[in-house]
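What follows is a single structure, written as structure tokens, with notes after it.
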Amino acid sequence: MSEDNAAFRAEISGWMQDNLQGEYQCLRHRGGPGDEDAHPELRKQWEQHLARARWTCVGWPEQYGGRNLTPAQQVIFHEEYARAGGPGRVGHLGETLIGPTLIALGSEEQKQRFLPGIVAGTQYWCQGYSEPNAGSDLGNVQTKARQDEAGGDWIVDGQKVWTSLAHESQWVFVLARCEPGSKGNKGLIFLLMPLDQPGIEVRPIKQLTGTSEFSEVFFDGARARNADVVGAPGAGWKIAMALLGFERGLSTLGQQAHFEHELQLVCAAAKANGAARNPMLRNRIAQAWMGLKAMRYNAMRMLATSPDGTVDGAADNAGLIAKYYWSNWHRDFGKLAADVLGFDADIASTEPALLRLQQVFFFSRADTIYAGTNEIQLNIIAERGLGMPKEARPAN
Amino acid sequence: MSEDNAAFRAEISGWMQDNLQGEYQCLRHRGGPGDEDAHPELRKQWEQHLARARWTCVGWPEQYGGRNLTPAQQVIFHEEYARAGGPGRVGHLGETLIGPTLIALGSEEQKQRFLPGIVAGTQYWCQGYSEPNAGSDLGNVQTKARQDEAGGDWIVDGQKVWTSLAHESQWVFVLARCEPGSKGNKGLIFLLMPLDQPGIEVRPIKQLTGTSEFSEVFFDGARARNADVVGAPGAGWKIAMALLGFERGLSTLGQQAHFEHELQLVCAAAKANGAARNPMLRNRIAQAWMGLKAMRYNAMRMLATSPDGTVDGAADNAGLIAKYYWSNWHRDFGKLAADVLGFDADIASTEPALLRLQQVFFFSRADTIYAGTNEIQLNIIAERGLGMPKEARPAN
Amino acid sequence: MDFALNSDQTMIRDTAAAFLADASSSAAVRAAMAGASGFDAKVWQTLAQELAWCATAIPEEYEGLGLACFETVLLAEQCGRFLLCAPYFATACLSVPVLLETGNAAACGRYLPQIAGGTLTATTALSATGLDWQPGKVAAAAIRQDDHYLLSGAYRQVIDAATAGLLLLPARLPGGETALFAVSATAAGLSATTHDTFDRTRRTGAVKLDQVRVDAGDMLACGEALDKSMQRACAGAAIALAAEQVGGAQACLDMTLAYIAERKQFGRSIASFQAIKHRCAEMMVRIEAARSAVHGAARQAATRPGDADLTLEAACAKALASDAYFYCAQESIQLHGGVGFTWEYDPHLHFKRAQAGGHWLGSSDELRERVAANLLGAI
Amino acid sequence: MDFALNSDQTMIRDTAAAFLADASSSAAVRAAMAGASGFDAKVWQTLAQELAWCATAIPEEYEGLGLACFETVLLAEQCGRFLLCAPYFATACLSVPVLLETGNAAACGRYLPQIAGGTLTATTALSATGLDWQPGKVAAAAIRQDDHYLLSGAYRQVIDAATAGLLLLPARLPGGETALFAVSATAAGLSATTHDTFDRTRRTGAVKLDQVRVDAGDMLACGEALDKSMQRACAGAAIALAAEQVGGAQACLDMTLAYIAERKQFGRSIASFQAIKHRCAEMMVRIEAARSAVHGAARQAATRPGDADLTLEAACAKALASDAYFYCAQESIQLHGGVGFTWEYDPHLHFKRAQAGGHWLGSSDELRERVAANLLGAI
């Protein structure tokens with residue numbers, strides 16, 4: 001590691017230590033998956049606190065308020081943020097998905113209007129992709145958008161589902177069908193829409209955890225301005241896919257630091273309750289540690305940029321397996337955490353560390369479902385990674 | 001258990017003890033799967049020794065030389081035979097497959113001509129079903145049979161493969177296509193053919209074990225008499241399927257007794273080399289024991305006949321899973337045996353008990369392939385057991 | 001041993017299924033989950049008094065039906081399938097075997113007829129901390145005074161702790177031996193609380209004893225005799241729990257099959273995808289194998305095998321059933337996709353119950369170690 | 001740490017692959033398997049002398065190329081992929097690290113240049129019975145006499161026992177410490193036999209010593225220093241073995257994909273069945289994860305981490321690679337169907353090698369216990 005990077009690491013680590021204090025102390029290690037409803041207001045304040053120190057959107061170009069950090073530096077940032085117990089970022093969909101998409105494909109006006117709020121930690125976004133009949137099969141989107149000939153606005157009718165953090169957000173990006181009768185990935189439009197309008201209703205979905213990180217979003221004559229179409233009407237699929245491309249990014253290393261923290265909690269729990277003396281659980285804990293290590297090195301392969309420009313398929317392969325690997329690792333880990341707790345796993349714990357492990361057990365069930373189910377991931381790996389034949393899709 | 005059955009159990013157990021002695025002593029626990037080439041000549045003598053005491057074909061009607069034993073008694077026979085270390089039966093394809101098929105569907109002349117040799121342990125059979133392009137897809141059989149208009153004989157050209165014990169047999173039953181241009185399960189014929197004729201060549205297949213239990217059988221103008229057609233020409237599929245129905249039978253309990261013996265060998269090896277103190281191996285050994293117990297009770301459910309004639313689907317379900325369950329159990333068990341041996345698993349042992357376990361490790365690889373691969377078994381379970389949709393078969 | 005069901009057994013099973021399909025529908029389960037007691041008193045009354053389920057395995061001398069462990073297993077399987085919320089398991093599957101095995105005729109005569117008649121529910125504490133028999137981990141103490149004992153101590157996990165009418169509680173005698181006492185829920189000094197559990201289909205709670213007075217006649221057994229009895233009783237309870245788990249696993253498979261037959265993606269029913277078919281087939285394999293193990297164990301138990309054999313039968317049944325249940329519940333959530341993760345659909349109810357029960361009466365690893373000790377000697 | 005290969009590394013990998021595709025084709029492997037020595041001397045000469053593979057990780061002061069562990073891993077991965085039968089692993093991946101870590105400069109100066117030049121092969125015995133460092137299980141003894149030692153004893157499993165020119169052998173000193181000696185294959189009193197192994201792609205054998213005279217200067221290290229050195233050297237060897245296993249697993253997947261693309265059943269390529277696709281995808285997932293672990297471990301090893309960290313890196317790489325290899329070999333046999341069970345097709349060669357290597361330098365369970373001890377303390 002170069003000296004610069006070591007200094008940079010120290011800078012973040014020091015800043016986190018100095019700032020994740022006082023009123024923010026209670027946010028340490030909170031707000032991750034399954035814990036999204038922890039202190040939402042305080043976490044929004046924390047976003048703004050981060051922003052004031054320019055620790056949001058650190059990989060963005062400086063002209064848009066970022067720091068233009070190199071990938072290696074971003075890795076360091078995410079690692080140190082997570083290692084310090086930095087809370088789950090309420091603004092992450094803005095920072096990691098819609099922001100980069102607008103920078104790449106948005107109009108100048110869109111950039112000027114939206115990017116500052118994302119950088120400042122004052123504008124929060126959610127995602128309107130999945131529908132009841134367009135989950136794994138995203139090309140089956142049925143939400144309709146038609147243009148109001150008078151003002152040029154787009155009028156949207158339909159339903160989105162599995163929208164995370166909709167009740168904490170002001171904006172939603174929506175994939176809708178703007179060409180009646182079109183099928184699959186043709187005739188779609190990508191719209192930016194304010195949530196607080198008469199035509200939109202957000203209904204939280206009660207999950208198996210008893211909490212509601214996800215919502216249904218109903219559109220009934222909701223409006224998007226014509227200036228808030230990203231790309232061309234009819235070419236929304238391209239924007240939607242570009243956005244998903246940003247999903248697999250650097251934050252994966254931050255995620256792994258969260259996992260590492262969870263593994264430490266399991267080890268502590270095992271030592272405390274005697275499970276650490278159980279050879280079968282020891283074996284599984286060690287296997288979890290190994291999987292986490294493989295995940296980390298896999299992420300580094302995925303993010304590798306060859307020093308002299310040579311390219312091989314390794315980064316692609318590492319990228320292809322990443323989601324399937326971490327999500328199944330985490331689901332197995334959740335089960336391990338519950339087994340380490342044993343009888344006590346079933347009783348909601350009053351100790352935050354143990355309650356956290358109980359949440360992981362339940363919430364990790366979603367990991368293998370959202371953002372491409374296991375089944376879709378395996379299809380993609382087989383077809384793109386191994387060149388195997390595509391599934392036959394019957395004629396409609 | 002009724003007193004009759006206890007007496008019957010004692011009778012077999014006593015007979016085995018008295019007779020699997022002297023020259024036959026060396027056959028104990030030999031000749032099972034993966035060990036088929038152990039003492040073939042002596043095992044044929046043993047067949048005839050069994051036959052003289054009327055211990056072959058015990059479930060057959062008395063008129064054909066059997067004892068007409070009830071299923072419960074047959075269970076006892078197979079269990080005690082295996083428990084005593086009774087060697088693998090060279091005549092088992094005759095006794096369990098072609099014999100019952102002829103009794104059910106053969107002509108009177110066929111019964112008279114073939115059944116006595118099977119009962120006497122002097123006539124051995126092998127199976128000509130699979131072909132290089134008709135393995136899992138048996139309906140794709142391409143071996144051709146055309147009738148010689150002169151004498152009425154059927155002239156056979158083609159190739160069969162995975163024929164077990166062809167070099168120890170005098171007869172083969174063959175599924176061939178007798179209606180040119182027919183497809184799938186239509187237009188097939190079921191023929192009984194002597195192997196020792198100019199048009200048939202048997203070539204052993206060298207397996208991963210280094211041995212050759214399986215052969216390829218080439219037919220080049222080979223002949224079957226018209227009297228040796230079972231059922232009607234063109235309706236061979238019916239006969240072939242009826243025969244496969246006999247495959248899942250009582251001998252399964254005998255097989256389990258072999259597995260039990262192998263498990264005892266593993267326990268002994270583990271105690272001898274210290275693996276018995278390894279918690280992970282203990283866990284796997286216990287799991288194997290549990291699987292064997294489930295297999296045994298599953299077989300009893302499969303063979304259950306309701307005392308008052310009520311029928312439920314339980315026996316069918318138990319039957320559907322049986323092959324998949326035992327074959328995967330045995331394959332996992334083979335791996336366990338190798339892991340218990342540790343470093344020494346790779347060195348061909350001079351101790352028969354350990355060598356046996358090494359053979360199990362390798363030969364059990366075939367268990368999940370022959371008689372319906374895992375993949376075919378799961379298709380069958382899903383489609384017949386769960387009523388799930390059939391795989392689309394593209395139009396030819 | 002013939003494994004076919006006779007017509008009485010088929011009837012018991014089918015009648016139970018028909019009753020529970022209505023009385024323990026998804027809506028009924030959710031109502032029970034939300035209630036304070038954790039079960040519907042009216043359903044329980046029907047089941048315990050009219051249908052006499054608790055009487056099944058109670059001998060006729062105690063006003064029961066005198067049927068075998070196997071019939072209990074048939075009922076338990078249906079209870080698990082329909083997620084029945086009721087004191088059935090703790091009363092009929094756990095405490096009845098404990099009363100019968102400890103064999104105190106006077107106590108049996110006092111309590112079993114009430115249980116058979118459906119007017120008394122019962123539960124049993126098994127250790128200070130969890131739900132398996134660990135006499136070494138009993139934290140309560142009993143001191144004899146004249147014609148009674150005084151009991152003090154605590155049990156952290158007891159099924160139906162706050163609703164059972166009769167509690168069977170182990171406590172250590174001054175000499176170090178453990179004894180088991182039958183204690184009324186109304187005894188002065190006994191307090192029970194209900195835990196905030198994730199599995200809401202079966203309540204557990206804590207029990208505290210503060211100088212609770214118990215008649216000497218309610219000391220059921222002690223020492224080695226108790227230990228032996230409890231091992232047999234726990235084996236019986238484990239077989240019944242395993243039967244529940246098989247029923248639960250079957251429900252997971254059934255609801256998954258129903259859902260994926262309707263659910264379409266990429267223009268096809270997702271049930272038509274081969275990978276999905278194979279995974280459902282794998283569920284069926286594990287369920288049927290576990291069912292075979294459970295039915296076999298129940299039929300063996302009816303022949304009164306030796307202690308060691310009974311323990312091994314129960315270990316095999318419970319480990320296979322418990323693992324199959326968790327596997328099927330997990331697959332059920334996964335194959336339901338997004339809705340599998342919602343409160344509205346039922347897979348999570350099974351998932352939580354599978355995890356909770358997986359640690360009762362021995363985890364699968366503990367049960368395998370019991371088998372290993374038998375095959376290979378202690379470690 | 002950037003994980004991309006630089007152009008030199010890409011070239012090393014691709015050149016090795018191109019060479020082995022021919023020199024270690026299936027036919028060549030089978031010829032080597034059938035031969036007495038277990039390898040093709042001409043191929044070895046090219047590889048060791050012309051291509052200088054053994055020189056890769058030997059420092060320049062000993063006439064090596066002075067590259068890091070990572071380049072060895074790239075070569076080892078290709079060796080595993082093509083099932084290379086050669087003394088490469090025992091010489092370059094095991095014995096070179098042992099010589100370097102024990103750090104006896106005079107011995108290094110004597111032997112490493114010969115190894116780098118491809119004129120000397122070497123092997124190392126790790127215990128009396130197997131292939132992992134167990135100084136407590138060394139059954140040979142060494143007695144000092146003037147300027148030499150006399151060694152007697154036996155080692156049951158040594159890779160390339162009968163062909164290695166130099167044998168690094170541990171023996172116990174009278175004081176109880178273990179010492180490591182460099183012994184020439186031609187030393188009087190040393191005898192080696194080759195085992196009848198199932199994995200014919202790499203020979204193991206037994207070594208016996210009967211009063212073998214070894215110069216005092218060939219005592220490489222002893223006691224704690226030796227133990228520490230051997231743990232580091234074994235970690236290096238384990239990483240290289242893991243790389244081989246990743247290569248082998250990749251070969252299993254590649255040959256399976258090629259076979260199932262051609263094989264038709266039910267009128268379709270069997271590669272088009274979704275269940276088959278998912279299983280191939282699962283193989284790829286395990287292979288890539290193991291490859292990531294191995295590459296990461298090799299890059300870490302180059303930074304000279306502490307003993308404990310190095311051991312854990314190696315444990316992780318070897319356990320994941322070893323398990324992935326066996327899994328892929330098993331799936332390869334299964335997905336080949338009938339022909340997967342024949343001698344003629346290659347899956348069984350990998351299957352046997354996967355099982356054998358799985359127990360070298362720590363089985364996966366043993367390696368996990370090493371990690372557990374670090375995370376949770378000793379049991």
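Ligands are numbered from 1 in the order shown, chains are lettered A, B, ... in the order of the structure tokens, and residues start at 1 in each chain.
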What are the nearest atom pairs, with distances in Å to one decimal, for all residues of chain A that come at most 7 Å from chain C, using only C-alpha atoms, set out by chain and rising residue number as CSV?
residue,atom,partner,partner_atom,distance
A:Asp137,CA,C:Gln265,CA,5.7
A:Lys206,CA,C:Trp343,CA,5.5
A:Gln207,CA,C:Thr342,CA,4.0
A:Leu208,CA,C:Trp343,CA,4.4
A:Gly210,CA,C:Trp343,CA,6.7
A:Gly342,CA,C:His359,CA,6.2
A:Phe343,CA,C:His359,CA,5.8
A:Asp346,CA,C:Thr197,CA,5.2
A:Ile347,CA,C:Thr197,CA,4.3
A:Ala348,CA,C:Asp196,CA,5.7
A:Ala366,CA,C:Phe341,CA,6.4
A:Ile369,CA,C:Gly337,CA,5.8
A:Arg393,CA,C:Phe266,CA,6.2
A:Pro394,CA,C:Gly267,CA,6.3
A:Asn396,CA,C:Gly267,CA,6.6
Contact residues (chain D, partner chain C, 12 Å, only C-alpha atoms) as a PyMOL selection string
chain D and resi 270+272-281
Go ahead and save the residues from that selection, with all heavy atoms, as a CSV table (one decimal), in the first residue's frame.
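Final file, out_34.csv:
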chain,number,residue,atom,x,y,z
D,270,ILE,N,-28.1,-31.8,-23.3
D,270,ILE,CA,-28.4,-31.8,-21.9
D,270,ILE,C,-27.9,-30.5,-21.2
D,270,ILE,O,-28.3,-30.2,-20.1
D,270,ILE,CB,-27.9,-33.0,-21.2
D,270,ILE,CG1,-26.4,-33.2,-21.2
D,270,ILE,CG2,-28.6,-34.3,-21.7
D,270,ILE,CD1,-25.9,-34.4,-20.4
D,272,SER,N,-28.9,-27.8,-22.0
D,272,SER,CA,-30.0,-26.8,-22.0
D,272,SER,C,-31.0,-27.1,-20.9
D,272,SER,O,-32.0,-26.3,-20.7
D,272,SER,CB,-30.8,-26.9,-23.4
D,272,SER,OG,-31.5,-28.2,-23.4
D,273,PHE,N,-30.8,-28.1,-20.1
D,273,PHE,CA,-31.7,-28.4,-19.0
D,273,PHE,C,-31.4,-27.5,-17.8
D,273,PHE,O,-30.2,-27.4,-17.4
D,273,PHE,CB,-31.6,-29.9,-18.5
D,273,PHE,CG,-32.3,-30.8,-19.5
D,273,PHE,CD1,-31.7,-31.5,-20.5
D,273,PHE,CD2,-33.7,-31.0,-19.4
D,273,PHE,CE1,-32.3,-32.3,-21.4
D,273,PHE,CE2,-34.4,-31.9,-20.2
D,273,PHE,CZ,-33.7,-32.5,-21.2
D,274,GLN,N,-32.4,-26.8,-17.3
D,274,GLN,CA,-32.1,-25.8,-16.3
D,274,GLN,C,-31.4,-26.4,-15.0
D,274,GLN,O,-30.5,-25.7,-14.5
D,274,GLN,CB,-33.3,-25.0,-15.9
D,274,GLN,CG,-33.0,-23.7,-15.1
D,274,GLN,CD,-34.2,-23.2,-14.4
D,274,GLN,OE1,-35.1,-23.9,-13.9
D,274,GLN,NE2,-34.2,-21.9,-14.2
D,275,ALA,N,-31.8,-27.5,-14.6
D,275,ALA,CA,-31.1,-28.1,-13.4
D,275,ALA,C,-29.6,-28.3,-13.7
D,275,ALA,O,-28.8,-28.1,-12.8
D,275,ALA,CB,-31.8,-29.4,-13.0
D,276,ILE,N,-29.3,-28.7,-14.9
D,276,ILE,CA,-27.9,-28.9,-15.2
D,276,ILE,C,-27.2,-27.6,-15.3
D,276,ILE,O,-26.0,-27.4,-14.8
D,276,ILE,CB,-27.8,-29.6,-16.6
D,276,ILE,CG1,-28.6,-30.9,-16.7
D,276,ILE,CG2,-26.3,-29.9,-17.0
D,276,ILE,CD1,-28.2,-32.0,-15.8
D,277,LYS,N,-27.8,-26.6,-15.8
D,277,LYS,CA,-27.2,-25.2,-15.9
D,277,LYS,C,-26.9,-24.7,-14.5
D,277,LYS,O,-25.9,-24.2,-14.2
D,277,LYS,CB,-28.2,-24.3,-16.6
D,277,LYS,CG,-28.3,-24.4,-18.1
D,277,LYS,CD,-29.4,-23.7,-18.7
D,277,LYS,CE,-29.3,-22.2,-18.5
D,277,LYS,NZ,-30.4,-21.5,-19.1
D,278,HIS,N,-27.9,-24.9,-13.6
D,278,HIS,CA,-27.7,-24.4,-12.2
D,278,HIS,C,-26.5,-25.1,-11.5
D,278,HIS,O,-25.8,-24.5,-10.8
D,278,HIS,CB,-29.0,-24.5,-11.4
D,278,HIS,CG,-30.0,-23.4,-11.7
D,278,HIS,ND1,-31.0,-23.1,-10.9
D,278,HIS,CD2,-30.0,-22.5,-12.7
D,278,HIS,CE1,-31.7,-22.1,-11.4
D,278,HIS,NE2,-31.1,-21.7,-12.5
D,279,ARG,N,-26.4,-26.4,-11.8
D,279,ARG,CA,-25.3,-27.2,-11.2
D,279,ARG,C,-24.0,-26.7,-11.7
D,279,ARG,O,-23.0,-26.7,-11.0
D,279,ARG,CB,-25.6,-28.6,-11.2
D,279,ARG,CG,-26.7,-29.0,-10.2
D,279,ARG,CD,-27.3,-30.3,-10.4
D,279,ARG,NE,-26.3,-31.4,-10.4
D,279,ARG,CZ,-26.5,-32.6,-10.7
D,279,ARG,NH1,-27.8,-33.0,-11.0
D,279,ARG,NH2,-25.6,-33.5,-10.7
D,280,CYS,N,-23.9,-26.5,-13.0
D,280,CYS,CA,-22.7,-26.0,-13.6
D,280,CYS,C,-22.4,-24.6,-13.0
D,280,CYS,O,-21.2,-24.3,-12.7
D,280,CYS,CB,-22.7,-25.9,-15.1
D,280,CYS,SG,-22.8,-27.6,-15.8
D,281,ALA,N,-23.4,-23.8,-12.8
D,281,ALA,CA,-23.2,-22.4,-12.3
D,281,ALA,C,-22.7,-22.6,-10.8
D,281,ALA,O,-21.7,-21.8,-10.4
D,281,ALA,CB,-24.5,-21.6,-12.3
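The environment of segment 155-164 of chain B within 7 Å, counting only C-alpha atoms and disregarding residues fewer than 6 places along the same chain, consists of Cys126, Gln127, Gly128, Tyr129, Ser130, Glu131, Pro132, Thr143, Lys144, Ala145, Arg146, Gln147, Asp148, Glu213, Phe214, Ser215, Glu216, Val217, Phe218, Phe219, Asp220, Gly221, Ala222, Arg223 and Ala224 of chain B.
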According to DSSP computed on the backbone, where in segment 133-354 of chain A is there strand (DSSP E)? Give the residues as JSON, numbers by chain.
{"A": [144, 145, 146, 147, 154, 155, 156, 157, 158, 159, 160, 161, 162, 163, 164, 171, 172, 173, 174, 175, 176, 177, 188, 189, 190, 191, 192, 193, 194, 200, 201, 202, 203, 204, 214, 215, 216, 217, 218, 219, 220, 221, 222, 223, 224, 229, 230, 231, 232, 233, 234]}
Test item: chain B residues at most 12 Å from chain A, counting only C-alpha atoms, as an NGL selection string
:B and (277-284 or 391-394)
For the alpha helix (DSSP H) assignment from backbone DSSP, which residues of segment 71-232 of chain C qualify? Please present them as a PyMOL selection string.
chain C and resi 71-81+88+96-102+105-116+223-232
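Taking atom CA of Ala275 of chain A and atom CA of Ala140 of chain C as the two end points, the separation is 23.7 Å.
Residues in contact with Glu50 of chain D at up to 12 Å, not including ones fewer than 6 positions away on its chain and judged by only C-alpha atoms, are Phe19, Lys42, Val43, Trp44, Ala116, Gly117, Gly118 and Thr119 of chain D.
As for atom CA of Ala242 of chain D and atom CA of Pro87 of chain D, they are spaced 16.6 Å apart.
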Give me, as a PyMOL selection string, all polymer residues having an atom no more than 7 Å from Met193 of chain B, counting only C-alpha atoms and skipping those fewer than 6 positions away in the same chain.
chain B and resi 171-173+224
Please provide the set of residues having any atom within 10 Å of segment 80-84 of chain A, restricted to only C-alpha atoms, with same-chain residues fewer than 6 positions apart removed, written as JSON, numbers by chain.
{"A": [9, 10, 11, 12, 13, 14, 15, 16, 17, 20, 28, 29, 55, 74, 251, 253, 254, 255, 256, 257, 258, 259, 260, 261]}
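Of the listed residues A:Tyr24, A:Trp326, A:Phe8, A:Trp46, the one whose atoms come nearest to Thr70 of chain A is A:Phe8, with distances taken using only C-alpha atoms.
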Near-Glu60 of chain C list (12 Å; only C-alpha atoms; drop same-chain fewer than 6 positions) as a VMD selection string
chain C and resid 66 to 68 108 to 109 112 to 113 116 to 117
Quick one: pull the distance between atom CA of Leu357 of chain A and atom CA of Ala372 of chain D, Å, one decimal.
19.2 Å
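Counting only C-alpha atoms, the residue from A:Ile381, A:Met388, A:Asn328, A:Ala227 that sits nearest to Ala258 of chain D is A:Met388.
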